[in-house]
Amino acid sequence: MTSNNSNNISFFGGVDRIAVLLYALLVFVGFMNIFSASYDADLPFFAFQQEFMKQLMWMGVSLVAAVVILLLDSRLYHMYAYYIYIGALLMLLLPFTPIGREVNGARAWIGLGSISLQPAEFAKIATTLAVARLMSAYSFSIKSLQGLINVGVILFIPFAIIVLQNDMGSGLVMSSFLLVLYREGLNKWICIPLVMVIVLFVCSFLYTPLFLVVILFWTFVLCSAMMTRQWQLCVRFGALVCLFAVLLYSVSFLWLDGVLEGYTSLLIAIGIGFIVAVVYAWRKNIASLFLMLVLFLGSMLFVPTADKIFSSMQPHQQQRMLSFLGLQPDHSHVVMSKTAIGSGGFFGKGYMEGTLIKNNYVSEHHTDFIFCTVSEEWGFLGVLVVMGLLCAFIYRIIHIGERQQEPFGRIYCYGLASVLLFHVLVNIGMTTGLMPVIGIPLPFLSYGGSSLLAFTIFVAVALRLDASPQKISAYH
């Protein structure tokens, strides 16, 4: 019998069996769909050129990796979290070396002979470990500006490297950690401006800079009022800034031959108002207001850079974004994807009977668009089963996180759940035309060795942290 004072576990002792079962079902369902979508009758059944055979190999590698992780001392993940993070950052730089490979316009892969790996998938694990290590420290406070800056730096570095690889989809996954910060006590009125920054990029294609700045300014004013509970002061401040902008524009129009446009006048007024607000927050020692002002400044700087970010995208990425916004006809991927999803009906066409999938009308139908295979062959009923398994698995990870006695394990589990939820929502959203096509896999179902191995390691670490004898004895 294992002693409660030991940190070693017997094989699978204390491991959450429901989570393991859900994981196994998802991997099995994924393999069955990959087999259906990629089987080539012209090749020998067991030929390694068959995509499903490669996936089967990665399933074996993932199983071995999971077993090794479950047998390691759970304290290692806390002790070496920062070292793993640094190693992941170095790994992210490898695609820029001669061993790097470019796939679909993104130089985000490294080649090891016939095997390709995507470092960004493993960077998600390392980033979650680093965030959990930082936020579980006794000196950390989610309400302090320094604490949030430290978390932001940890998230920004891998995000920046991934974006430089032209892999915007994987980079945006870092935004999912907002849910972790909210769970650990981040003020909800700070979350709204953070989400606003993401929305700004999309809205920059639809609205003028003047309109965006006005909306952005009043969003921050109202959030500051809700957070500080000084409604009268904040609203009065916002009104004075807008009034000053109107006066500047009027003076320029009437006496200075229109030197200042409306947008320029507003920026000048906001700039002066920003300085006044910073001085006020500093003198009154209102940390939350100071943080809000920092977020506002970052958002203001983001507005004029949106065009540059869009210009740096590959042509096919620009087309996907414009198609999503309705500024261009739907991208062919999305059109055929929605057609395949709708053709499945309620019960589907039957396993390996998906005509649109089999005839390659939907490209990447075994990778990022695997959801189309599920929909066409299994129908609405099959989609409900798959989505039910995914939701149940994410809920189970959250449940595991909530029962942790140490904050490190809880934060890590919430990081895992957030990344999974982001992948599921965005992947299904882009295949159904509800979100732009940014190319991220559906966890455990999409073909891809890097994705399967990384998510398996991700989950195995959470299960190992949960299986600690100290935690089990305390919980039960």
# chains A, B, ... in the order shown; residues from 1 in each chain; ligands from 1
call {"tool": "residues_around", "arguments": {"residues": "A:Asp40", "least_positions_apart": "3", "cutoff": "10 Å", "atoms": "only C-alpha atoms", "output": "list in words"}}
result
Phe35, Ser36, Ala37, Leu43, Pro44, Phe45, Ala47, Gln49, Gln50, Glu51, Phe52 and Lys358 of chain A
call {"tool": "write_last_selection", "arguments": {"atoms": "N, CA, C and O atoms", "output": "tab-separated table (two decimals), in the first residue's frame"}}
result
chain	number	residue	atom	x	y	z
A	35	PHE	N	-9.55	7.63	-40.25
A	35	PHE	CA	-9.51	6.45	-41.13
A	35	PHE	C	-10.49	6.62	-42.28
A	35	PHE	O	-10.16	6.38	-43.45
A	36	SER	N	-11.71	7.05	-41.95
A	36	SER	CA	-12.73	7.21	-42.98
A	36	SER	C	-12.36	8.30	-43.98
A	36	SER	O	-12.56	8.15	-45.19
A	37	ALA	N	-11.79	9.40	-43.47
A	37	ALA	CA	-11.51	10.55	-44.32
A	37	ALA	C	-10.26	10.38	-45.16
A	37	ALA	O	-10.14	10.99	-46.23
A	43	LEU	N	-3.49	2.22	-52.01
A	43	LEU	CA	-2.29	1.90	-51.24
A	43	LEU	C	-2.51	0.65	-50.40
A	43	LEU	O	-3.66	0.34	-50.03
A	44	PRO	N	-1.45	-0.10	-50.10
A	44	PRO	CA	-1.60	-1.24	-49.17
A	44	PRO	C	-2.20	-0.76	-47.85
A	44	PRO	O	-1.90	0.35	-47.38
A	45	PHE	N	-3.01	-1.61	-47.25
A	45	PHE	CA	-3.75	-1.21	-46.05
A	45	PHE	C	-2.82	-0.74	-44.94
A	45	PHE	O	-3.08	0.26	-44.26
A	47	ALA	N	0.28	0.34	-45.26
A	47	ALA	CA	1.37	1.21	-45.74
A	47	ALA	C	1.46	2.45	-44.86
A	47	ALA	O	0.44	3.03	-44.46
A	49	GLN	N	2.24	5.24	-45.76
A	49	GLN	CA	1.74	6.41	-46.48
A	49	GLN	C	0.27	6.70	-46.14
A	49	GLN	O	-0.21	7.80	-46.40
A	50	GLN	N	-0.42	5.71	-45.61
A	50	GLN	CA	-1.80	5.93	-45.17
A	50	GLN	C	-1.78	6.85	-43.95
A	50	GLN	O	-1.07	6.62	-42.97
A	51	GLU	N	-2.60	7.91	-44.01
A	51	GLU	CA	-2.61	8.88	-42.92
A	51	GLU	C	-3.04	8.24	-41.60
A	51	GLU	O	-2.53	8.60	-40.53
A	52	PHE	N	-3.98	7.30	-41.66
A	52	PHE	CA	-4.46	6.71	-40.41
A	52	PHE	C	-3.38	5.85	-39.76
A	52	PHE	O	-3.36	5.71	-38.52
A	358	LYS	N	-15.20	12.05	-49.47
A	358	LYS	CA	-14.46	11.06	-50.26
A	358	LYS	C	-13.95	11.64	-51.58
A	358	LYS	O	-12.89	11.25	-52.06
call {"tool": "residues_around", "arguments": {"residues": "stretch 53-62 of chain A", "least_positions_apart": "2", "cutoff": "10 Å", "atoms": "only C-alpha atoms", "output": "ChimeraX atom specification"}}
result
/A:27-28,30-31,34-35,38-39,45-51,64-68,115,444,446-457,460
call {"tool": "residues_around", "arguments": {"residues": "A:Tyr83", "least_positions_apart": "6", "cutoff": "12 Å", "atoms": "only C-alpha atoms", "output": "PyMOL selection string"}}
result
chain A and resi 76-77+89-90+126-127+129-130+133
call {"tool": "residues_around", "arguments": {"residues": "A:Ser141", "least_positions_apart": "5", "cutoff": "10 Å", "atoms": "only C-alpha atoms", "output": "PDB file with N, CA and C atoms, in the first residue's frame"}}
result
ATOM      1  N   LEU A 134       3.823  30.854 -11.521  1.00  0.00           N
ATOM      2  CA  LEU A 134       3.842  32.253 -11.120  1.00  0.00           C
ATOM      3  C   LEU A 134       2.644  32.599 -10.236  1.00  0.00           C
ATOM      4  N   MET A 135       1.447  32.209 -10.662  1.00  0.00           N
ATOM      5  CA  MET A 135       0.237  32.612  -9.951  1.00  0.00           C
ATOM      6  C   MET A 135       0.023  31.846  -8.658  1.00  0.00           C
ATOM      7  N   SER A 136       0.719  30.729  -8.474  1.00  0.00           N
ATOM      8  CA  SER A 136       0.582  29.952  -7.232  1.00  0.00           C
ATOM      9  C   SER A 136       1.579  30.385  -6.170  1.00  0.00           C
ATOM     10  N   GLN A 146       1.780  44.697 -10.842  1.00  0.00           N
ATOM     11  CA  GLN A 146       2.998  43.959 -11.125  1.00  0.00           C
ATOM     12  C   GLN A 146       2.700  42.495 -11.430  1.00  0.00           C
ATOM     13  N   GLY A 147       1.752  41.906 -10.687  1.00  0.00           N
ATOM     14  CA  GLY A 147       1.384  40.508 -10.923  1.00  0.00           C
ATOM     15  C   GLY A 147       0.810  40.299 -12.310  1.00  0.00           C
ATOM     16  N   LEU A 148      -0.071  41.204 -12.732  1.00  0.00           N
ATOM     17  CA  LEU A 148      -0.677  41.074 -14.051  1.00  0.00           C
ATOM     18  C   LEU A 148       0.343  41.320 -15.159  1.00  0.00           C
ATOM     19  N   GLU A 184      -9.200  33.144 -11.115  1.00  0.00           N
ATOM     20  CA  GLU A 184      -8.344  33.420  -9.966  1.00  0.00           C
ATOM     21  C   GLU A 184      -8.608  34.785  -9.334  1.00  0.00           C
ATOM     22  N   GLY A 185      -9.632  35.482  -9.819  1.00  0.00           N
ATOM     23  CA  GLY A 185     -10.050  36.702  -9.137  1.00  0.00           C
ATOM     24  C   GLY A 185      -9.859  37.992  -9.884  1.00  0.00           C
ATOM     25  N   LEU A 186      -9.515  37.937 -11.175  1.00  0.00           N
ATOM     26  CA  LEU A 186      -9.361  39.173 -11.943  1.00  0.00           C
ATOM     27  C   LEU A 186     -10.705  39.873 -12.043  1.00  0.00           C
TER      28      LEU A 186
END
call {"tool": "select_by_dssp", "arguments": {"residues": "stretch 81-248 of chain A", "states": "strand (DSSP E or B)", "output": "count of residues only"}}
result
14
call {"tool": "closest_residue", "arguments": {"among": "A:Leu70, A:Gly169, A:Phe296, A:Gly271", "to": "A:Trp218", "atoms": "only C-alpha atoms"}}
result
A:Phe296
call {"tool": "select_by_dssp", "arguments": {"residues": "stretch 70-200 of chain A", "states": "helix (DSSP H, G or I)", "output": "number ranges by chain"}}
result
A: 70-71, 75-79, 81-96, 119-135, 145-164, 168-183, 188-200
